[in-house]
Amino acid sequence: VAHVKALLARSQAARAATAGDHARMIAFLSAKGGVGTSTIALNVAAAAAQGGQDVIITDVRPGLGSLGLMLGLNQTRGLSALLAKPVTEINQRVVGDQIAPHGSGLRVLPASAEKGDQALANNVVQIEAAIKVLSQMCKLLVIDLGVGLTDVARWVVPLCDTAVMVTDPTRVSVMQTKAMLQDVVGLNLRSTRLEAVLVNHTPVSGQLSRQQAEQMLDIKFAAIVSPAAELAYQAADAGTPIVLLRPESLPADQLRNLAAQFVQTLRLRAPAA
């Protein structure tokens with residue numbers, strides 16, 4: 001705990017010192033697996049890139065990464081390769097070598113899905129260095145933190161301009177999200193804006209309404225995304241974000257609107273004509 005607090009203090013000081021010369025950062029996380037956190041993060045990033053923003057996306061989950069698989073990338077160990085290096089070697093050239101371009105316009109620093117890489121999540125100093133370098137290489141940095149308030153998430157969230165909690169409308173998921181939100185607030189956030197996104201799945205018995213979920217969480221949802229399990233599977237098989245694979249679909253429209261909302265909130269400049 002003392003180690004994490006020291007990292008938080010150091011990261012806040014670094015952020016204050018470099019304000020204005022780093023990317024806007026938005027993190028996505030959830031209290032429960034399977035709610036669609038990576039899908040939301042990926043499609044928000046892709047929609048922003050399609051809108052002309054300079055975007056890098058990374059999933060800071062060594063050994064549990066999904067972005068590389070969802071995008072059909074051949075290079076999926078980018079983050080793991082960095083975390084295995086001495087921190088003094090993590091610079092823009094080295095990080096750039098591990099970033100994979102994608103046809104969506106995104107640049108991706110994926111984490112591997114190899115279980116043996118999970119121990120690299122303990123290399124917090126290397127993760128800190130990689131995030132700082134990434135923030136100097138783009139205008140919008142999207143970070144998929146996955147499930148739970150890990151030590152890495154406790155360090156990353158206070159660095160971000162926006163942190164987005166993703167949940168589904170089941171009572172258990174909303175209750176877990178409520179508990180995690182309380183933990184996030186306890187991180188002594190200074191300038192991080194908290195948002196929430198509700199991802200609807202196939203209706204089940206006992207599912208909460210939007211109003212019930214918002215009341216339990218004491219937060220308004222930035223967006224509600226319609227059920228799209230089959231579409232999400234098709235997108236993953238094609239290695240293409242939903243907003244590009246089926247741009248005419250309702251979920252794609254909802255995700256584009258969410259991305260536009262975040263771009264406006266983060267006050268990112270419109271791309272030059």
# chains A, B, ... in the order shown; residues from 1 in each chain; ligands from 1

call {"tool": "residues_around", "arguments": {"residues": "Asn43 (chain A)", "least_positions_apart": "3", "cutoff": "9 Å", "atoms": "only C-alpha atoms", "output": "PyMOL selection string"}}
result
chain A and resi 38-40+46-48+241-244+252+255-256+259

call {"tool": "residues_around", "arguments": {"residues": "Gln126 (chain A)", "least_positions_apart": "5", "cutoff": "12 Å", "atoms": "only C-alpha atoms", "output": "list in words"}}
result
Leu7, Val60, Leu79, Ser80, Ala81, Leu82, Leu83, Ala84, Lys85, Pro86, Val87, Thr88, Glu89, Ile90, Asn91, Val95, Leu120, Ala121, Ile131, Lys132, Val133 and Val152 of chain A

call {"tool": "closest_residue", "arguments": {"among": "A:Ser66, A:Gln176, A:Gln264, A:Asn122", "to": "Gly36 (chain A)", "atoms": "only C-alpha atoms"}}
result
A:Ser66

call {"tool": "select_by_dssp", "arguments": {"residues": "region 158-246 of chain A", "states": "strand (DSSP E)", "output": "ChimeraX atom specification"}}
result
/A:162-167,193-199,223-225

call {"tool": "residues_around", "arguments": {"residues": "Ala229 (chain A)", "least_positions_apart": "6", "cutoff": "12 Å", "atoms": "only C-alpha atoms", "output": "ChimeraX atom specification"}}
result
/A:34-36,39,199-202,235-236,242,251

call {"tool": "write_last_selection", "arguments": {"atoms": "all heavy atoms", "output": "compact mmCIF listing (two decimals), in the first residue's frame"}}
result
# COMPACT_ATOMS: atom_id res chain seq x y z
N GLY A 34 -16.56 -9.53 -18.56
CA GLY A 34 -17.61 -9.89 -19.50
C GLY A 34 -18.65 -8.83 -19.78
O GLY A 34 -19.65 -9.11 -20.45
N VAL A 35 -18.43 -7.60 -19.30
CA VAL A 35 -19.43 -6.55 -19.52
C VAL A 35 -19.16 -5.76 -20.80
O VAL A 35 -19.99 -4.95 -21.21
CB VAL A 35 -19.53 -5.59 -18.32
CG1 VAL A 35 -19.97 -6.34 -17.07
CG2 VAL A 35 -18.22 -4.85 -18.08
N GLY A 36 -18.01 -5.95 -21.42
CA GLY A 36 -17.72 -5.27 -22.67
C GLY A 36 -16.75 -4.11 -22.58
O GLY A 36 -16.73 -3.25 -23.45
N THR A 39 -14.37 -3.86 -25.58
CA THR A 39 -15.13 -3.51 -26.78
C THR A 39 -15.46 -2.02 -26.79
O THR A 39 -15.33 -1.35 -27.82
CB THR A 39 -16.43 -4.33 -26.85
OG1 THR A 39 -16.10 -5.72 -26.96
CG2 THR A 39 -17.27 -3.93 -28.06
N VAL A 199 -23.84 -1.16 -20.63
CA VAL A 199 -23.89 -2.03 -21.80
C VAL A 199 -25.00 -3.05 -21.59
O VAL A 199 -24.92 -3.91 -20.71
CB VAL A 199 -22.55 -2.76 -22.01
CG1 VAL A 199 -22.63 -3.67 -23.23
CG2 VAL A 199 -21.42 -1.74 -22.20
N ASN A 200 -26.04 -2.94 -22.39
CA ASN A 200 -27.15 -3.89 -22.31
C ASN A 200 -26.76 -5.19 -23.00
O ASN A 200 -26.16 -5.19 -24.06
CB ASN A 200 -28.39 -3.31 -22.98
CG ASN A 200 -29.16 -2.39 -22.07
OD1 ASN A 200 -29.27 -2.64 -20.86
ND2 ASN A 200 -29.69 -1.31 -22.61
N HIS A 201 -27.14 -6.28 -22.36
CA HIS A 201 -26.98 -7.59 -22.98
C HIS A 201 -28.38 -8.16 -23.22
O HIS A 201 -29.38 -7.44 -23.09
CB HIS A 201 -26.15 -8.52 -22.10
CG HIS A 201 -24.75 -8.02 -21.88
ND1 HIS A 201 -23.85 -7.85 -22.92
CD2 HIS A 201 -24.08 -7.63 -20.76
CE1 HIS A 201 -22.70 -7.40 -22.46
NE2 HIS A 201 -22.81 -7.24 -21.15
N THR A 202 -28.47 -9.40 -23.58
CA THR A 202 -29.79 -10.01 -23.75
C THR A 202 -30.57 -9.88 -22.44
O THR A 202 -30.05 -10.21 -21.37
CB THR A 202 -29.64 -11.49 -24.12
OG1 THR A 202 -28.86 -11.59 -25.31
CG2 THR A 202 -31.01 -12.13 -24.36
N ALA A 235 -17.13 -8.72 -35.30
CA ALA A 235 -16.07 -7.72 -35.36
C ALA A 235 -14.73 -8.32 -34.95
O ALA A 235 -13.70 -8.06 -35.58
CB ALA A 235 -16.42 -6.53 -34.47
N ALA A 236 -14.75 -9.11 -33.87
CA ALA A 236 -13.51 -9.74 -33.42
C ALA A 236 -12.98 -10.71 -34.47
O ALA A 236 -11.76 -10.78 -34.72
CB ALA A 236 -13.74 -10.45 -32.09
N ILE A 242 -16.41 -2.48 -34.32
CA ILE A 242 -17.82 -2.44 -34.73
C ILE A 242 -18.13 -1.18 -35.53
O ILE A 242 -18.87 -1.22 -36.51
CB ILE A 242 -18.73 -2.51 -33.48
CG1 ILE A 242 -18.66 -3.90 -32.85
CG2 ILE A 242 -20.18 -2.17 -33.83
CD1 ILE A 242 -19.36 -4.00 -31.51
N PRO A 251 -25.56 0.10 -32.35
CA PRO A 251 -24.42 0.16 -31.43
C PRO A 251 -23.28 1.03 -31.96
O PRO A 251 -22.65 1.77 -31.20
CB PRO A 251 -23.98 -1.30 -31.29
CG PRO A 251 -25.22 -2.08 -31.56
CD PRO A 251 -25.94 -1.31 -32.64

call {"tool": "residues_around", "arguments": {"residues": "Val55 (chain A)", "least_positions_apart": "6", "cutoff": "6 Å", "atoms": "only C-alpha atoms", "output": "PDB file with N, CA and C atoms, in the first residue's frame"}}
result
ATOM      1  N   ALA A  49     -10.383   8.049 -33.840  1.00  0.00           N
ATOM      2  CA  ALA A  49      -9.375   8.030 -34.904  1.00  0.00           C
ATOM      3  C   ALA A  49     -10.020   8.295 -36.259  1.00  0.00           C
ATOM      4  N   LEU A 106      -5.953   3.501 -35.957  1.00  0.00           N
ATOM      5  CA  LEU A 106      -5.425   3.403 -34.601  1.00  0.00           C
ATOM      6  C   LEU A 106      -3.974   2.945 -34.612  1.00  0.00           C
ATOM      7  N   CYS A 138       1.029  10.996 -28.846  1.00  0.00           N
ATOM      8  CA  CYS A 138      -0.291  11.119 -29.455  1.00  0.00           C
ATOM      9  C   CYS A 138      -1.036  12.265 -28.791  1.00  0.00           C
ATOM     10  N   LEU A 140      -4.525  11.678 -28.013  1.00  0.00           N
ATOM     11  CA  LEU A 140      -5.494  10.978 -27.181  1.00  0.00           C
ATOM     12  C   LEU A 140      -4.976   9.582 -26.895  1.00  0.00           C
ATOM     13  N   LEU A 141      -4.804   9.272 -25.616  1.00  0.00           N
ATOM     14  CA  LEU A 141      -4.338   7.953 -25.194  1.00  0.00           C
ATOM     15  C   LEU A 141      -5.498   7.243 -24.501  1.00  0.00           C
TER      16      LEU A 141
END

call {"tool": "residues_around", "arguments": {"residues": "Glu214 (chain A)", "least_positions_apart": "4", "cutoff": "12 Å", "atoms": "only C-alpha atoms", "output": "ChimeraX atom specification"}}
result
/A:167-169,171,174-175,177-178,195-198,208-210,218-224

call {"tool": "select_by_dssp", "arguments": {"residues": "region 45-80 of chain A", "states": "alpha helix (DSSP H)", "output": "PyMOL selection string"}}
result
chain A and resi 45-50+67-70+78-80

call {"tool": "closest_residue", "arguments": {"among": "A:Val108, A:Tyr233, A:Leu29, A:Arg77", "to": "Arg154 (chain A)", "atoms": "only C-alpha atoms"}}
result
A:Leu29
